[in-house]
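Remarks on the structure that follows.
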Amino acid sequence: SELIIDTTCVTLADVFHEAGYHTGAVGKWHLGLGPVGGTNFNGLIKPNTQSIGFDYEFIIPATVDRVPCVFVENGRGKSALWNDEEIADVITEKAKNFICSSTDKPFFLYMGTQDVHVPRIPHPRFAGKSGLGTRGDVILQLDWTIGEIMNTLDSLGIADNTLFIFTSDNGPVIDDGYQDQAR
């Protein structure tokens, strides 16, 4: 659907941007993109997250169980379909790169992970490792993602001067209609 945030509203990203922060949105973005009436993912997508205060975007424009199956970077859809098993690696790397490119000034990063959302498809290095089904495996993958971000902050010497907020919108439901041995 179209971008559901009114571009005339002041967002948290706008506030940080106006205060001189480098702002970024990386990962799952299920708040729409483009104009009312439909989005052309083959051209420049406007409005996008840059229309509401973000300097940089690398987003999944819905959830990965819905189309379009593209990454959008700075208003441009990437035409190749993603590999489900690599989504966590891709968005984690993009988030780390954003953080590393922001060392000369403060930054605000929104990062929406695919984990623990359906469909749950862990990278092979996590598949079968938890002993708690696919849901447990993607929780391990999510732990890895958070560790990668924290390690990046530590390696840059900015962890003690960074506010890190972690929350989830897909944690408590076990039986969500997917047969993935969640327990």
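Lettering and numbering for the structure tokens are positional, with chains as A, B, ... in the shown order, residues counted from 1 in each chain, and ligands counted from 1 in the shown order.
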Can you tell me which residues surround A:Asp65 at a distance of at most 12 Å, considering only C-alpha atoms, apart from same-chain residues fewer than 3 positions away, and format the answer as JSON, numbers by chain?
{"A": [28, 30, 60, 61, 62, 68, 69, 70, 82, 84, 114, 117, 118, 119, 120, 121, 178]}
Residues within 12 Å of A:His17, only C-alpha atoms, excluding chain neighbours under 2 positions, as a PyMOL selection string
chain A and resi 10-15+19-24+50-56+105-109
Would you mind exporting N, CA, C and O atoms of the selected residues as a short mmCIF file (atom, residue, chain, number, x, y, z; two decimals), in the first residue's frame?
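What follows is the written file result.cif:
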```cif
data_model
loop_
_atom_site.label_atom_id
_atom_site.label_comp_id
_atom_site.auth_asym_id
_atom_site.auth_seq_id
_atom_site.Cartn_x
_atom_site.Cartn_y
_atom_site.Cartn_z
N VAL A 10 5.51 15.50 11.64
CA VAL A 10 6.89 15.46 12.13
C VAL A 10 7.11 14.09 12.76
O VAL A 10 6.40 13.70 13.68
N THR A 11 8.10 13.37 12.24
CA THR A 11 8.42 12.05 12.76
C THR A 11 9.66 12.13 13.65
O THR A 11 10.36 13.15 13.67
N LEU A 12 9.93 11.05 14.37
CA LEU A 12 11.14 10.99 15.18
C LEU A 12 12.38 11.15 14.29
O LEU A 12 13.33 11.83 14.67
N ALA A 13 12.33 10.55 13.11
CA ALA A 13 13.45 10.70 12.17
C ALA A 13 13.63 12.16 11.76
O ALA A 13 14.77 12.64 11.65
N ASP A 14 12.53 12.88 11.55
CA ASP A 14 12.63 14.31 11.23
C ASP A 14 13.32 15.07 12.35
O ASP A 14 14.18 15.92 12.09
N VAL A 15 12.92 14.79 13.58
CA VAL A 15 13.49 15.49 14.73
C VAL A 15 15.00 15.26 14.80
O VAL A 15 15.78 16.20 14.96
N ALA A 19 18.22 17.83 14.02
CA ALA A 19 19.22 18.06 15.07
C ALA A 19 20.63 17.69 14.62
O ALA A 19 21.57 17.74 15.42
N GLY A 20 20.79 17.32 13.34
CA GLY A 20 22.11 17.03 12.81
C GLY A 20 22.51 15.58 12.82
O GLY A 20 23.65 15.24 12.53
N TYR A 21 21.60 14.70 13.15
CA TYR A 21 21.89 13.27 13.15
C TYR A 21 21.82 12.71 11.73
O TYR A 21 21.03 13.19 10.90
N HIS A 22 22.62 11.70 11.47
CA HIS A 22 22.51 10.91 10.25
C HIS A 22 21.42 9.87 10.53
O HIS A 22 21.51 9.14 11.52
N THR A 23 20.38 9.81 9.72
CA THR A 23 19.23 8.95 10.01
C THR A 23 19.11 7.85 8.96
O THR A 23 19.34 8.07 7.77
N GLY A 24 18.74 6.66 9.41
CA GLY A 24 18.61 5.53 8.50
C GLY A 24 17.50 4.58 8.89
O GLY A 24 17.19 4.43 10.07
N GLN A 50 12.68 8.47 3.00
CA GLN A 50 13.40 9.74 2.92
C GLN A 50 12.44 10.93 2.93
O GLN A 50 12.85 12.04 3.23
N SER A 51 11.18 10.68 2.66
CA SER A 51 10.16 11.72 2.71
C SER A 51 9.69 12.01 4.13
O SER A 51 8.95 12.97 4.35
N ILE A 52 10.13 11.18 5.08
CA ILE A 52 9.72 11.35 6.47
C ILE A 52 10.91 11.40 7.42
O ILE A 52 10.82 11.00 8.57
N GLY A 53 12.05 11.88 6.91
CA GLY A 53 13.17 12.19 7.79
C GLY A 53 14.38 11.28 7.74
O GLY A 53 15.37 11.55 8.40
N PHE A 54 14.33 10.21 6.97
CA PHE A 54 15.49 9.31 6.91
C PHE A 54 16.40 9.70 5.76
O PHE A 54 15.95 9.91 4.63
N ASP A 55 17.70 9.79 6.05
CA ASP A 55 18.69 10.09 5.01
C ASP A 55 18.95 8.88 4.13
O ASP A 55 19.23 9.02 2.95
N TYR A 56 18.91 7.71 4.72
CA TYR A 56 19.25 6.46 4.02
C TYR A 56 18.17 5.44 4.29
O TYR A 56 17.64 5.36 5.39
N LYS A 105 29.35 11.90 13.09
CA LYS A 105 28.27 12.63 13.76
C LYS A 105 27.30 11.64 14.37
O LYS A 105 27.35 10.45 14.06
N PRO A 106 26.41 12.10 15.23
CA PRO A 106 25.48 11.17 15.85
C PRO A 106 24.54 10.57 14.80
O PRO A 106 24.34 11.14 13.73
N PHE A 107 23.96 9.43 15.12
CA PHE A 107 23.06 8.79 14.18
C PHE A 107 21.82 8.25 14.89
O PHE A 107 21.81 8.01 16.09
N PHE A 108 20.78 8.10 14.10
CA PHE A 108 19.54 7.45 14.52
C PHE A 108 19.25 6.38 13.49
O PHE A 108 19.15 6.68 12.30
N LEU A 109 19.17 5.13 13.92
CA LEU A 109 18.91 4.01 13.02
C LEU A 109 17.68 3.26 13.49
O LEU A 109 17.62 2.80 14.63
#
```
Excluding same-chain residues fewer than 4 positions from A:Asp89, what lies within 12 Å of it counting only C-alpha atoms, as a VMD selection string?
chain A and resid 27 82 to 85 93 to 96 113 to 115 122 to 126 141 to 142 144 to 146 148 to 149
To one decimal place, how far is atom CA of A:Ile59 from atom CA of A:Gly77 in Å?
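Computing the Euclidean distance for atom CA of A:Ile59 and atom CA of A:Gly77 yields 9.3 Å.
For the pair atom CA of A:Leu132 and atom CA of A:Val116, the separation is 13.3 Å.
Atom CA of A:Ile91 to atom CA of A:Val26 spans 6.4 Å [interatomic distance, one decimal].
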Fewer than 6 positions away in the same chain doesn't count, so skip those; otherwise give me all residues within 8 Å of A:Lys46, counting only C-alpha atoms, as a tab-separated table (two decimals) with C-alpha atoms, in the first residue's frame.
```
chain	number	residue	atom	x	y	z
A	33	LEU	CA	5.68	3.22	0.19
A	34	GLY	CA	4.71	5.35	-2.72
A	35	PRO	CA	1.57	7.29	-3.57
A	75	GLY	CA	13.79	4.83	-3.36
```
Set the distance at 10 Å and use only C-alpha atoms: which residues neighbour stretch 36-40 of chain A once local chain neighbours fewer than 2 positions away are removed? I'd like the list as a list in words.
Ser1, Glu2, Leu3, Ile4, Gly32, Leu33, Gly34, Asn42, Gly43, Leu44, Ile45, Lys46, Pro47, Arg76 and Gly77 of chain A
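Shortest separation to A:Phe98 among A:Val72, A:Ala127, A:Leu163, A:Leu153 occurs at residue A:Leu153, atoms counted being only C-alpha atoms.
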I need the residues in stretch 37-148 of chain A that are strand (DSSP E) according to DSSP; give them as an NGL selection string.
:A and (56-60 or 72-73 or 76-77 or 107-112)
DSSP helix (DSSP H, G or I) residues within chain A, as a PyMOL selection string:
chain A and resi 12-18+49-52+84-100+133-155+159-161
Could you pull the residues within 12 Å of A:Gly157, counting only C-alpha atoms, minus those fewer than 5 positions along the same chain, as a JSON list (two decimals) with N, CA and C atoms, in the first residue's frame?
```json
[["chain", "number", "residue", "atom", "x", "y", "z"],
["A", 99, "ILE", "N", 26.01, 2.31, 10.41],
["A", 99, "ILE", "CA", 26.63, 2.74, 11.67],
["A", 99, "ILE", "C", 28.07, 3.18, 11.42],
["A", 100, "CYS", "N", 28.82, 2.38, 10.67],
["A", 100, "CYS", "CA", 30.22, 2.71, 10.40],
["A", 100, "CYS", "C", 30.36, 4.00, 9.58],
["A", 103, "THR", "N", 30.21, 7.66, 11.83],
["A", 103, "THR", "CA", 31.10, 7.89, 12.97],
["A", 103, "THR", "C", 31.48, 9.35, 13.15],
["A", 150, "MET", "N", 25.80, -4.85, 18.32],
["A", 150, "MET", "CA", 26.51, -4.45, 19.54],
["A", 150, "MET", "C", 28.03, -4.52, 19.34],
["A", 151, "ASN", "N", 28.51, -5.56, 18.66],
["A", 151, "ASN", "CA", 29.95, -5.67, 18.39],
["A", 151, "ASN", "C", 30.44, -4.50, 17.52],
["A", 152, "THR", "N", 29.62, -4.08, 16.58],
["A", 152, "THR", "CA", 29.98, -2.94, 15.74],
["A", 152, "THR", "C", 30.09, -1.67, 16.58],
["A", 162, "THR", "N", 25.69, 5.26, 23.14],
["A", 162, "THR", "CA", 24.62, 4.95, 22.20],
["A", 162, "THR", "C", 23.42, 4.40, 22.96]]
```
